[in-house]
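Remarks on the structure that follows.
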Amino acid sequence: ILKFKKDKPIFEVKDVTKSFDGRPILKKLSLKVFPGEIVGLLGPNGAGKSTLFNIAIGAETADDGEIFISGKPINQIPIHLRSKLGLGYLPQTRSLFDTLSTFDNIFGLVQLHEPNNKKALEKAEMLIERFNLSHLRSVKAGALSGGESKRALLARLMITNPKVVLIDEIWSMVDPLVVQDMQKYILQIQSQGVSVLISDHTIQTLFETTDRNYLIDDGQILAEGTKRELLKNSEA
């Protein structure tokens, strides 16, 4: 596990509050992710994890509070410009183009960010190789297994060279072998110097991957710490 610079967070949520129809979903929620760190956000379904991610990427607006990337407030920045600031997001829902090949799913998106065709091709090839998709390059995305499609999604996540990525419940509904596989690729993303905030509701998988964790329930942070600190913490 890498040693982190604890000076300035790369990603920070400060006192974020959100209600739907008068029902509070997030209550003055704050958390920080430091450069190169994998941070877990652990909590039951309905705890507010996905709402927090939606606010961070700009798909929903907070009623109050701020989100920062590298110390810059991003609340007023539109959704499509947040990725330019270094924010990546992998939602729970599967967002591949099923009728396109695995390669075209990646190359097509690389082209949106890299106008130079030669460089775009090099980048797509590099991601295909890094996420072990070479043997699947001409397979239609609709035919990929759960684990294969998650690797393709992780490869796409890295197209914009993010500084921090938000990953929403990547382990839901996959078998244990895929879980181990995904852990390996998330650690590989970290080894590129990218920070990760990853949500889940199963403690074991998350704790094996993260450097530090926040426990969220009912829209607020109950506890924060390393695996060891949280297992000692009676609240958790």
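By convention here, the chains of the structure tokens are called A, B, ... in the order presented, each chain's residues are numbered starting at 1, and ligands are numbered starting at 1 in the order presented.
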
Practice item. Apply DSSP to the backbone of this structure and, from range 1-217 of chain A, keep only the residues in strand (DSSP E); write these as a ChimeraX atom specification. Key: /A:11-20,23-33,38-42,64-69,72-73,87-90,164-168,195-200,212-217

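Nearest residue to Pro35 in chain A among A:Gly58, A:Gly71, A:Gly48, A:Gly193 is A:Gly193, counting only C-alpha atoms.
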
Check your understanding: Contacts of Trp171 in chain A at 12 Å or less, counting only C-alpha atoms, minus same-chain residues fewer than 3 places along, as a PyMOL selection string?
Key -> chain A and resi 90-93+146-147+150-151+167-168+174-183+186+198-206+209

Practice item. Please provide as a ChimeraX atom specification all residues within 9 Å of range 216-221 of chain A, with the sequence filter that same-chain residues fewer than 5 positions apart are discarded (counting only C-alpha atoms). Key: /A:17-18,24-31,41-49

Please produce a file of the residues just selected, as a PDB file, in the first residue's frame, where the atoms kept are N, CA, C and O atoms.
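Wrote again32.pdb, looks like this:
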ATOM      1  N   THR A  17     -25.541  18.387   1.577  1.00  0.00           N
ATOM      2  CA  THR A  17     -26.893  18.071   2.034  1.00  0.00           C
ATOM      3  C   THR A  17     -27.794  17.918   0.812  1.00  0.00           C
ATOM      4  O   THR A  17     -27.672  18.677  -0.145  1.00  0.00           O
ATOM      5  N   LYS A  18     -28.671  16.915   0.859  1.00  0.00           N
ATOM      6  CA  LYS A  18     -29.603  16.707  -0.246  1.00  0.00           C
ATOM      7  C   LYS A  18     -30.886  16.079   0.265  1.00  0.00           C
ATOM      8  O   LYS A  18     -30.845  15.102   1.016  1.00  0.00           O
ATOM      9  N   PRO A  24     -34.657  13.873   3.843  1.00  0.00           N
ATOM     10  CA  PRO A  24     -33.202  14.042   3.741  1.00  0.00           C
ATOM     11  C   PRO A  24     -32.503  12.747   3.318  1.00  0.00           C
ATOM     12  O   PRO A  24     -32.735  11.690   3.898  1.00  0.00           O
ATOM     13  N   ILE A  25     -31.666  12.859   2.280  1.00  0.00           N
ATOM     14  CA  ILE A  25     -30.912  11.701   1.782  1.00  0.00           C
ATOM     15  C   ILE A  25     -29.455  11.815   2.218  1.00  0.00           C
ATOM     16  O   ILE A  25     -28.826  10.841   2.599  1.00  0.00           O
ATOM     17  N   LEU A  26     -28.894  13.042   2.146  1.00  0.00           N
ATOM     18  CA  LEU A  26     -27.538  13.310   2.633  1.00  0.00           C
ATOM     19  C   LEU A  26     -27.606  14.439   3.646  1.00  0.00           C
ATOM     20  O   LEU A  26     -28.269  15.452   3.402  1.00  0.00           O
ATOM     21  N   LYS A  27     -26.929  14.260   4.784  1.00  0.00           N
ATOM     22  CA  LYS A  27     -27.018  15.239   5.880  1.00  0.00           C
ATOM     23  C   LYS A  27     -25.632  15.764   6.224  1.00  0.00           C
ATOM     24  O   LYS A  27     -24.881  15.088   6.921  1.00  0.00           O
ATOM     25  N   LYS A  28     -25.293  16.924   5.677  1.00  0.00           N
ATOM     26  CA  LYS A  28     -23.992  17.569   5.947  1.00  0.00           C
ATOM     27  C   LYS A  28     -22.851  16.562   5.868  1.00  0.00           C
ATOM     28  O   LYS A  28     -22.044  16.413   6.790  1.00  0.00           O
ATOM     29  N   LEU A  29     -22.793  15.860   4.753  1.00  0.00           N
ATOM     30  CA  LEU A  29     -21.818  14.785   4.606  1.00  0.00           C
ATOM     31  C   LEU A  29     -20.476  15.336   4.119  1.00  0.00           C
ATOM     32  O   LEU A  29     -20.427  16.138   3.196  1.00  0.00           O
ATOM     33  N   SER A  30     -19.404  14.907   4.759  1.00  0.00           N
ATOM     34  CA  SER A  30     -18.048  15.340   4.376  1.00  0.00           C
ATOM     35  C   SER A  30     -17.123  14.130   4.271  1.00  0.00           C
ATOM     36  O   SER A  30     -17.202  13.215   5.090  1.00  0.00           O
ATOM     37  N   LEU A  31     -16.262  14.139   3.256  1.00  0.00           N
ATOM     38  CA  LEU A  31     -15.209  13.127   3.164  1.00  0.00           C
ATOM     39  C   LEU A  31     -14.086  13.651   2.286  1.00  0.00           C
ATOM     40  O   LEU A  31     -14.268  14.605   1.532  1.00  0.00           O
ATOM     41  N   LEU A  41     -16.364   3.521   0.495  1.00  0.00           N
ATOM     42  CA  LEU A  41     -17.586   4.129   1.029  1.00  0.00           C
ATOM     43  C   LEU A  41     -18.549   2.976   1.250  1.00  0.00           C
ATOM     44  O   LEU A  41     -19.091   2.416   0.301  1.00  0.00           O
ATOM     45  N   LEU A  42     -18.691   2.582   2.498  1.00  0.00           N
ATOM     46  CA  LEU A  42     -19.411   1.356   2.831  1.00  0.00           C
ATOM     47  C   LEU A  42     -20.735   1.680   3.487  1.00  0.00           C
ATOM     48  O   LEU A  42     -20.779   2.453   4.450  1.00  0.00           O
ATOM     49  N   GLY A  43     -21.790   1.093   2.979  1.00  0.00           N
ATOM     50  CA  GLY A  43     -23.090   1.317   3.615  1.00  0.00           C
ATOM     51  C   GLY A  43     -24.173   0.512   2.931  1.00  0.00           C
ATOM     52  O   GLY A  43     -24.000   0.068   1.796  1.00  0.00           O
ATOM     53  N   PRO A  44     -25.305   0.335   3.612  1.00  0.00           N
ATOM     54  CA  PRO A  44     -26.392  -0.453   3.031  1.00  0.00           C
ATOM     55  C   PRO A  44     -27.022   0.266   1.835  1.00  0.00           C
ATOM     56  O   PRO A  44     -26.792   1.452   1.617  1.00  0.00           O
ATOM     57  N   ASN A  45     -27.813  -0.471   1.060  1.00  0.00           N
ATOM     58  CA  ASN A  45     -28.562   0.159  -0.024  1.00  0.00           C
ATOM     59  C   ASN A  45     -29.466   1.239   0.558  1.00  0.00           C
ATOM     60  O   ASN A  45     -30.063   1.040   1.616  1.00  0.00           O
ATOM     61  N   GLY A  46     -29.534   2.383  -0.128  1.00  0.00           N
ATOM     62  CA  GLY A  46     -30.378   3.469   0.387  1.00  0.00           C
ATOM     63  C   GLY A  46     -29.675   4.371   1.384  1.00  0.00           C
ATOM     64  O   GLY A  46     -30.273   5.272   1.959  1.00  0.00           O
ATOM     65  N   ALA A  47     -28.357   4.141   1.598  1.00  0.00           N
ATOM     66  CA  ALA A  47     -27.613   4.955   2.577  1.00  0.00           C
ATOM     67  C   ALA A  47     -27.250   6.331   2.014  1.00  0.00           C
ATOM     68  O   ALA A  47     -26.901   7.239   2.763  1.00  0.00           O
ATOM     69  N   GLY A  48     -27.307   6.470   0.670  1.00  0.00           N
ATOM     70  CA  GLY A  48     -26.975   7.752   0.052  1.00  0.00           C
ATOM     71  C   GLY A  48     -25.731   7.721  -0.823  1.00  0.00           C
ATOM     72  O   GLY A  48     -25.296   8.753  -1.337  1.00  0.00           O
ATOM     73  N   LYS A  49     -25.148   6.522  -1.029  1.00  0.00           N
ATOM     74  CA  LYS A  49     -23.883   6.417  -1.775  1.00  0.00           C
ATOM     75  C   LYS A  49     -24.041   6.888  -3.229  1.00  0.00           C
ATOM     76  O   LYS A  49     -23.274   7.705  -3.714  1.00  0.00           O
TER      77      LYS A  49
END

Check your understanding: Between A:Thr51, A:Ala56, A:Asp15, A:Arg94, which one has atoms that come closest to Gln76 in chain A, using only C-alpha atoms?
Key ->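 Ranking A:Thr51, A:Ala56, A:Asp15, A:Arg94 by distance to Gln76 in chain A, first place goes to A:Ala56.
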
Study note, to complete from the structure: Atom pair CA of Ser149 in chain A + CA of Asp104 in chain A, distance 13.3 Å

Practice item. Would you please extract all alpha helix (DSSP H) residues from range 102-204 of chain A, as assigned by DSSP on the backbone, and give them as an NGL selection string? Key: :A and (102-113 or 117-130 or 146-157 or 176-191 or 203-204)

Practice item. Mind checking which residues fall within 12 Å of Arg82 in chain A, counting only C-alpha atoms, ignoring those fewer than 5 positions away in the same chain, and posting them as a ChimeraX atom specification? Key: /A:55-59,67-70,72-77,87-89,160,162-165

Practice item. Using CA of Ser138 in chain A and CA of Ile159 in chain A as the two end points, give the distance in Å to one decimal. Key: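 Here the two named atoms are 19.2 Å from each other.
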
Revision key, fill the gap. Correct to one decimal, the distance CA of Ser191 in chain A-CA of Val110 in chain A is 21.4 Å

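Counting only C-alpha atoms and comparing A:Gly86, A:Met126, A:Ala155, A:Lys8, the residue that lies closest to Val194 in chain A is A:Gly86.
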
Practice item. May I have the residues within 9 Å of range 97-99 of chain A as number ranges by chain, using only C-alpha atoms and disregarding those fewer than 4 positions away in the same chain? Key: A: 104-105, 140-144
